[in-house]
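Asker: For reference, this is upload-v3.pdb, and it has PDB, C-alpha atoms.
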```
MODEL        1
ATOM      1  CA  MET K 136       0.000   0.000   0.000  1.00  0.00           C
ATOM      2  CA  SER K 137       1.445   3.379  -0.987  1.00  0.00           C
ATOM      3  CA  TYR K 138       1.750   6.341   1.347  1.00  0.00           C
ATOM      4  CA  PHE K 139      -0.993   8.494  -0.211  1.00  0.00           C
ATOM      5  CA  SER K 140      -3.414   5.593  -0.585  1.00  0.00           C
ATOM      6  CA  ARG K 141      -3.664   5.649   3.230  1.00  0.00           C
ATOM      7  CA  PHE K 142      -5.115   9.176   3.264  1.00  0.00           C
ATOM      8  CA  PRO K 143      -8.872   9.763   3.348  1.00  0.00           C
ATOM      9  CA  LYS K 144     -10.400  10.935   0.076  1.00  0.00           C
ATOM     10  CA  MET K 145     -11.867  14.361  -0.598  1.00  0.00           C
ATOM     11  CA  VAL K 146     -13.836  15.868  -3.467  1.00  0.00           C
ATOM     12  CA  TYR K 147     -11.980  18.751  -5.108  1.00  0.00           C
ATOM     13  CA  ASP K 148     -12.482  21.030  -8.091  1.00  0.00           C
ATOM     14  CA  VAL K 149      -8.892  21.467  -9.275  1.00  0.00           C
ATOM     15  CA  LYS K 150      -9.585  24.021 -12.028  1.00  0.00           C
ATOM     16  CA  ASN K 151     -12.679  25.604 -10.452  1.00  0.00           C
ATOM     17  CA  ASP K 152     -14.755  24.506 -13.458  1.00  0.00           C
ATOM     18  CA  ASP K 153     -17.317  22.298 -11.663  1.00  0.00           C
ATOM     19  CA  ASN K 154     -15.375  19.212 -12.752  1.00  0.00           C
ATOM     20  CA  TYR K 155     -14.857  17.515  -9.392  1.00  0.00           C
ATOM     21  CA  LYS K 156     -12.281  14.811  -8.755  1.00  0.00           C
ATOM     22  CA  ILE K 157     -11.800  12.480  -5.834  1.00  0.00           C
ATOM     23  CA  LEU K 158      -8.297  12.968  -4.453  1.00  0.00           C
ATOM     24  CA  PRO K 159      -6.334  11.978  -1.371  1.00  0.00           C
ATOM     25  CA  ASP K 160      -6.588  14.656   1.318  1.00  0.00           C
ATOM     26  CA  ILE K 161      -2.869  15.468   1.317  1.00  0.00           C
ATOM     27  CA  LEU K 162      -3.458  18.391   3.665  1.00  0.00           C
ATOM     28  CA  ARG K 163      -4.140  15.892   6.426  1.00  0.00           C
ATOM     29  CA  ARG K 164      -1.138  15.713   8.757  1.00  0.00           C
ATOM     30  CA  VAL K 165      -0.290  13.104  11.297  1.00  0.00           C
ATOM     31  CA  LYS K 166       1.861  14.117  14.216  1.00  0.00           C
ATOM     32  CA  GLN K 167       4.041  11.440  15.708  1.00  0.00           C
ATOM     33  CA  ARG K 168       2.727  10.551  19.106  1.00  0.00           C
ATOM     34  CA  ASN K 169       5.038  11.307  21.980  1.00  0.00           C
ATOM     35  CA  VAL K 170       5.839   7.614  22.381  1.00  0.00           C
ATOM     36  CA  ILE K 171       7.442   7.669  18.924  1.00  0.00           C
ATOM     37  CA  ALA K 172       9.006  11.127  19.093  1.00  0.00           C
ATOM     38  CA  SER K 173      10.477  10.477  22.541  1.00  0.00           C
ATOM     39  CA  GLY K 174      12.277   7.408  21.295  1.00  0.00           C
ATOM     40  CA  GLN K 175      10.345   4.722  23.137  1.00  0.00           C
ATOM     41  CA  PHE K 176      10.391   2.979  19.800  1.00  0.00           C
ATOM     42  CA  ILE K 177      13.991   1.919  19.250  1.00  0.00           C
ATOM     43  CA  PHE K 178      16.013   3.731  16.611  1.00  0.00           C
ATOM     44  CA  ASP K 179      19.423   3.169  15.082  1.00  0.00           C
ATOM     45  CA  THR K 180      21.565   6.061  13.882  1.00  0.00           C
ATOM     46  CA  TYR K 181      22.486   6.150  10.202  1.00  0.00           C
ATOM     47  CA  ASP K 182      24.644   8.530   8.158  1.00  0.00           C
ATOM     48  CA  VAL K 183      23.186   9.223   4.722  1.00  0.00           C
ATOM     49  CA  VAL K 184      25.766   8.634   1.983  1.00  0.00           C
ATOM     50  CA  ASP K 185      26.210  11.263  -0.747  1.00  0.00           C
ATOM     51  CA  GLY K 186      23.390  10.922  -3.271  1.00  0.00           C
ATOM     52  CA  GLU K 187      21.411   8.410  -1.206  1.00  0.00           C
ATOM     53  CA  LYS K 188      17.647   8.897  -1.372  1.00  0.00           C
ATOM     54  CA  PRO K 189      15.018   7.924   1.222  1.00  0.00           C
ATOM     55  CA  GLU K 190      13.878   5.133  -1.127  1.00  0.00           C
ATOM     56  CA  ASP K 191      17.409   3.697  -1.186  1.00  0.00           C
ATOM     57  CA  ILE K 192      17.601   3.621   2.587  1.00  0.00           C
ATOM     58  CA  ALA K 193      14.093   2.191   2.946  1.00  0.00           C
ATOM     59  CA  TYR K 194      15.005  -0.622   0.558  1.00  0.00           C
ATOM     60  CA  LYS K 195      18.280  -1.350   2.384  1.00  0.00           C
ATOM     61  CA  TRP K 196      16.724  -1.118   5.851  1.00  0.00           C
ATOM     62  CA  PHE K 197      13.177  -2.448   5.423  1.00  0.00           C
ATOM     63  CA  GLY K 198      13.505  -4.303   2.106  1.00  0.00           C
ATOM     64  CA  ASP K 199      10.854  -2.073   0.497  1.00  0.00           C
ATOM     65  CA  ALA K 200      11.542   1.279  -1.200  1.00  0.00           C
ATOM     66  CA  LYS K 201       7.856   2.229  -0.819  1.00  0.00           C
ATOM     67  CA  LEU K 202       8.460   2.605   2.913  1.00  0.00           C
ATOM     68  CA  HIS K 203      10.528   5.745   2.291  1.00  0.00           C
ATOM     69  CA  TRP K 204       7.742   7.713   3.986  1.00  0.00           C
ATOM     70  CA  VAL K 205       8.598   5.967   7.288  1.00  0.00           C
ATOM     71  CA  ILE K 206      12.191   7.208   6.969  1.00  0.00           C
ATOM     72  CA  LEU K 207      10.988  10.752   6.265  1.00  0.00           C
ATOM     73  CA  MET K 208       8.338  10.765   8.985  1.00  0.00           C
ATOM     74  CA  THR K 209      10.531   9.387  11.760  1.00  0.00           C
ATOM     75  CA  ASN K 210      13.098  12.086  10.954  1.00  0.00           C
ATOM     76  CA  ASN K 211      10.506  14.858  10.739  1.00  0.00           C
ATOM     77  CA  VAL K 212      11.414  15.624   7.115  1.00  0.00           C
ATOM     78  CA  THR K 213       8.426  17.417   5.610  1.00  0.00           C
ATOM     79  CA  ASP K 214      10.297  18.917   2.645  1.00  0.00           C
ATOM     80  CA  ARG K 215      12.269  16.253   0.886  1.00  0.00           C
ATOM     81  CA  TYR K 216      14.233  18.711  -1.230  1.00  0.00           C
ATOM     82  CA  HIS K 217      15.346  21.071   1.539  1.00  0.00           C
ATOM     83  CA  GLY K 218      15.097  18.770   4.557  1.00  0.00           C
ATOM     84  CA  TRP K 219      17.136  15.919   3.089  1.00  0.00           C
ATOM     85  CA  PRO K 220      20.917  16.056   2.487  1.00  0.00           C
ATOM     86  CA  MET K 221      21.890  17.254  -0.978  1.00  0.00           C
ATOM     87  CA  ASN K 222      24.337  15.418  -3.194  1.00  0.00           C
ATOM     88  CA  ASP K 223      27.581  17.179  -4.155  1.00  0.00           C
ATOM     89  CA  VAL K 224      26.217  18.629  -7.413  1.00  0.00           C
ATOM     90  CA  GLN K 225      23.016  19.917  -5.765  1.00  0.00           C
ATOM     91  CA  PHE K 226      25.060  21.385  -2.909  1.00  0.00           C
ATOM     92  CA  ALA K 227      27.375  23.284  -5.274  1.00  0.00           C
ATOM     93  CA  GLU K 228      24.371  24.696  -7.165  1.00  0.00           C
ATOM     94  CA  PHE K 229      22.670  25.587  -3.870  1.00  0.00           C
ATOM     95  CA  LEU K 230      25.741  27.515  -2.657  1.00  0.00           C
ATOM     96  CA  THR K 231      25.971  29.502  -5.890  1.00  0.00           C
ATOM     97  CA  ASP K 232      22.226  30.226  -5.908  1.00  0.00           C
ATOM     98  CA  LYS K 233      22.166  31.301  -2.249  1.00  0.00           C
ATOM     99  CA  TYR K 234      25.406  33.271  -1.998  1.00  0.00           C
ATOM    100  CA  GLY K 235      26.264  34.133  -5.593  1.00  0.00           C
ATOM    101  CA  ALA K 236      29.122  32.889  -7.760  1.00  0.00           C
ATOM    102  CA  GLY K 237      32.437  33.559  -6.083  1.00  0.00           C
ATOM    103  CA  SER K 238      30.909  34.260  -2.651  1.00  0.00           C
ATOM    104  CA  GLU K 239      30.620  30.659  -1.501  1.00  0.00           C
ATOM    105  CA  ASP K 240      33.825  31.008   0.537  1.00  0.00           C
ATOM    106  CA  ALA K 241      33.125  34.508   1.907  1.00  0.00           C
ATOM    107  CA  ILE K 242      32.814  34.852   5.677  1.00  0.00           C
ATOM    108  CA  HIS K 243      29.426  33.796   7.023  1.00  0.00           C
ATOM    109  CA  HIS K 244      30.125  34.491  10.708  1.00  0.00           C
ATOM    110  CA  TYR K 245      32.731  34.337  13.465  1.00  0.00           C
ATOM    111  CA  GLU K 246      32.730  31.996  16.441  1.00  0.00           C
ATOM    112  CA  ILE K 247      34.593  31.021  19.593  1.00  0.00           C
ATOM    113  CA  THR K 248      34.486  28.069  21.956  1.00  0.00           C
ATOM    114  CA  LYS K 249      32.233  28.591  24.973  1.00  0.00           C
ATOM    115  CA  SER K 250      34.045  29.623  28.118  1.00  0.00           C
ATOM    116  CA  SER K 251      31.653  27.740  30.412  1.00  0.00           C
ATOM    117  CA  GLY K 252      29.534  24.640  30.169  1.00  0.00           C
ATOM    118  CA  ARG K 253      30.478  21.989  27.632  1.00  0.00           C
ATOM    119  CA  THR K 254      33.515  23.234  25.703  1.00  0.00           C
ATOM    120  CA  THR K 255      34.021  20.335  23.294  1.00  0.00           C
ATOM    121  CA  GLY K 256      31.829  18.694  20.698  1.00  0.00           C
ATOM    122  CA  GLN K 257      30.311  15.281  21.236  1.00  0.00           C
ATOM    123  CA  GLY K 258      31.171  13.846  17.864  1.00  0.00           C
ATOM    124  CA  PRO K 259      32.423  15.229  14.571  1.00  0.00           C
ATOM    125  CA  ASN K 260      29.172  17.006  13.665  1.00  0.00           C
ATOM    126  CA  ASP K 261      28.486  18.615  17.055  1.00  0.00           C
ATOM    127  CA  TYR K 262      29.140  22.356  17.058  1.00  0.00           C
ATOM    128  CA  SER K 263      26.958  23.162  20.065  1.00  0.00           C
ATOM    129  CA  HIS K 264      30.036  24.122  22.092  1.00  0.00           C
ATOM    130  CA  LEU K 265      30.708  27.045  19.732  1.00  0.00           C
ATOM    131  CA  VAL K 266      29.192  30.500  20.037  1.00  0.00           C
ATOM    132  CA  GLU K 267      28.664  33.017  17.246  1.00  0.00           C
ATOM    133  CA  VAL K 268      30.412  36.330  18.020  1.00  0.00           C
ATOM    134  CA  ASN K 269      31.384  39.658  16.460  1.00  0.00           C
ATOM    135  CA  SER K 270      34.441  39.812  14.230  1.00  0.00           C
ATOM    136  CA  ASP K 271      36.398  41.874  16.779  1.00  0.00           C
ATOM    137  CA  THR K 272      36.100  39.271  19.554  1.00  0.00           C
ATOM    138  CA  ASP K 273      39.472  37.910  20.719  1.00  0.00           C
ATOM    139  CA  ASN K 274      40.399  34.531  19.217  1.00  0.00           C
ATOM    140  CA  ALA K 275      37.326  34.473  16.964  1.00  0.00           C
ATOM    141  CA  SER K 276      37.518  32.078  14.012  1.00  0.00           C
ATOM    142  CA  SER K 277      35.866  32.894  10.723  1.00  0.00           C
ATOM    143  CA  ILE K 278      33.403  30.416   9.256  1.00  0.00           C
ATOM    144  CA  SER K 279      32.764  30.622   5.533  1.00  0.00           C
ATOM    145  CA  ASN K 280      29.387  30.305   3.838  1.00  0.00           C
ATOM    146  CA  ARG K 281      30.519  26.903   2.565  1.00  0.00           C
ATOM    147  CA  GLU K 282      31.558  25.689   6.042  1.00  0.00           C
ATOM    148  CA  TYR K 283      28.287  26.894   7.550  1.00  0.00           C
ATOM    149  CA  GLU K 284      26.166  25.169   4.899  1.00  0.00           C
ATOM    150  CA  GLU K 285      28.276  21.979   5.121  1.00  0.00           C
ATOM    151  CA  ARG K 286      27.510  21.862   8.847  1.00  0.00           C
ATOM    152  CA  GLU K 287      23.818  22.234   8.097  1.00  0.00           C
ATOM    153  CA  GLN K 288      24.045  19.353   5.613  1.00  0.00           C
ATOM    154  CA  ASP K 289      25.906  17.234   8.180  1.00  0.00           C
ATOM    155  CA  LYS K 290      23.016  17.710  10.616  1.00  0.00           C
ATOM    156  CA  LYS K 291      20.623  16.389   7.971  1.00  0.00           C
ATOM    157  CA  ARG K 292      22.958  13.495   7.127  1.00  0.00           C
ATOM    158  CA  SER K 293      22.621  11.877  10.541  1.00  0.00           C
ATOM    159  CA  ILE K 294      19.172  10.252  10.651  1.00  0.00           C
ATOM    160  CA  ARG K 295      17.294   7.762  12.807  1.00  0.00           C
ATOM    161  CA  LEU K 296      16.086   4.443  11.475  1.00  0.00           C
ATOM    162  CA  LEU K 297      13.178   2.714  13.168  1.00  0.00           C
ATOM    163  CA  ASP K 298      14.031  -0.730  14.502  1.00  0.00           C
ATOM    164  CA  ARG K 299      12.548  -3.219  12.022  1.00  0.00           C
ATOM    165  CA  LYS K 300      10.645  -5.089  14.729  1.00  0.00           C
ATOM    166  CA  TYR K 301       8.527  -1.963  15.375  1.00  0.00           C
ATOM    167  CA  LEU K 302       7.699  -1.287  11.714  1.00  0.00           C
ATOM    168  CA  GLY K 303       4.323  -3.058  11.795  1.00  0.00           C
ATOM    169  CA  ASP K 304       3.271  -1.220  14.958  1.00  0.00           C
ATOM    170  CA  PHE K 305       4.406   2.090  13.463  1.00  0.00           C
ATOM    171  CA  ILE K 306       2.404   1.550  10.259  1.00  0.00           C
ATOM    172  CA  ASP K 307      -0.671   0.442  12.229  1.00  0.00           C
ATOM    173  CA  GLU K 308      -0.409   3.557  14.392  1.00  0.00           C
ATOM    174  CA  PHE K 309      -0.080   5.770  11.321  1.00  0.00           C
ATOM    175  CA  ASN K 310      -3.090   4.133   9.665  1.00  0.00           C
ATOM    176  CA  ASN K 311      -5.199   4.643  12.801  1.00  0.00           C
ATOM    177  CA  LEU K 312      -4.174   8.296  13.116  1.00  0.00           C
ATOM    178  CA  ILE K 313      -4.693   9.166   9.455  1.00  0.00           C
ATOM    179  CA  ALA K 314      -8.177   7.631   9.527  1.00  0.00           C
ATOM    180  CA  GLU K 315      -9.277   9.780  12.505  1.00  0.00           C
TER     181      GLU K 315
ENDMDL
END
```
Can you dump the structure from the file as structure tokens?

Answerer:
Amino acid sequence: MSYFSRFPKMVYDVKNDDNYKILPDILRRVKQRNVIASGQFIFDTYDVVDGEKPEDIAYKWFGDAKLHWVILMTNNVTDRYHGWPMNDVQFAEFLTDKYGAGSEDAIHHYEITKSSGRTTGQGPNDYSHLVEVNSDTDNASSISNREYEEREQDKKRSIRLLDRKYLGDFIDEFNNLIAE
């Protein structure tokens, strides 16, 4: 069963010409219940490889590419094109579009390591120990547009995969919620 086939149907006049069609109600949203969002279902961590799509991961993890929606939903990705890691070509085009040709390596901001609290990262993609500061702050390091955007992509690259033994329960829960 495909993702949209689970949605209730609605009658809609697409062109406003009194020619009504029956369509899935794609405006219907299902919020993960706290039991799922809080991690009471067991998740594994996975790093998305360059160019890997949700369908690829769903096939590798669940054996069914049509379950890509589970990957997206459990990672709260509502916009597949901006909420999912870009491949190298898309990323290069994104940088040029956002910052302009030749400005990809211009300074985005300056930062220093916190002086109190946790002062080191917990893993290679953890920058929470760094604080954005003004350029005239002592020992401030410059971060380029490219470095900033690479960090943002790295955050998207690390996803959670639902333990396979909970897949049936997850789908049943989704079906019950979408039918409400």

Asker: What do you get, as a PyMOL selection string, if you spell out every residue that the PyMOL selection byres ((chain K and resi 191-208) around 9) selects here?

Answerer: chain K and resi 136-138+166-167+183+187-190+209-215+219+294-297+299+302+305-306

Asker: What separation in Å, quoted to one decimal, exists between CA of Arg286 in chain K and CA of Tyr262 in chain K?

Answerer: 8.4 Å

Asker: From the list K:Asp261, K:Glu285, K:Asp273, K:Asp152, which residue is nearest Tyr245 in chain K when using only C-alpha atoms?

Answerer: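 Using only C-alpha atoms, the shortest distance to Tyr245 in chain K belongs to K:Asp273.
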
Asker: Could you list, as a list in words, every residue matched by the PyMOL selection byres ((chain K and resi 280) around 7) in this structure?

Answerer: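 Here the PyMOL selection byres ((chain K and resi 280) around 7) matches Glu239, Asp240, Ala241, Ile242, His243, Ile278, Ser279, Arg281, Glu282, Tyr283 and Glu284 of chain K.
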
Asker: Would you mind listing what lies within 8 Å of His264 in chain K as a PDB file with C-alpha atoms, in the frame of the given file, with all atoms listed in the file counted and same-chain residues fewer than 5 positions away left out?

Answerer:
```pdb
ATOM      1  CA  THR K 248      34.486  28.069  21.956  1.00  0.00           C
ATOM      2  CA  LYS K 249      32.233  28.591  24.973  1.00  0.00           C
ATOM      3  CA  ARG K 253      30.478  21.989  27.632  1.00  0.00           C
ATOM      4  CA  THR K 254      33.515  23.234  25.703  1.00  0.00           C
ATOM      5  CA  THR K 255      34.021  20.335  23.294  1.00  0.00           C
ATOM      6  CA  GLY K 256      31.829  18.694  20.698  1.00  0.00           C
TER       7      GLY K 256
END
```

Asker: Which residue, K:Tyr301, K:Phe226, K:Tyr216, K:Tyr155, has the smallest gap to Phe178 in chain K when you use all atoms listed in the file?

Answerer: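 Closest residue, counting all atoms listed in the file: K:Tyr301.
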
Asker: Please put the answer as AutoDock Vina command-line options: centre and edge lengths, in Å with one decimal, of a box along x, y and z that encloses all listed atoms of range 243-256 of chain K plus 8 Å on each side.

Answerer:
```
--center_x 32.0 --center_y 26.6 --center_z 18.7 --size_x 21.2 --size_y 31.8 --size_z 39.4
```

Asker: Could you tell me how far CA of Lys233 in chain K sits from CA of Ala275 in chain K, in Å to one decimal place?

Answerer: 24.7 Å

Asker: Using only C-alpha atoms, which of K:Glu246, K:Gly252, K:Arg292, K:Glu308 sits nearest Ser270 in chain K?

Answerer: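 Between K:Glu246, K:Gly252, K:Arg292, K:Glu308, the residue approaching Ser270 in chain K most closely is K:Glu246.
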
Asker: Between CA of Asp182 in chain K and CA of Ser238 in chain K, what distance in Å does the model show, to one decimal?

Answerer: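 Those two atoms sit 28.6 Å apart.
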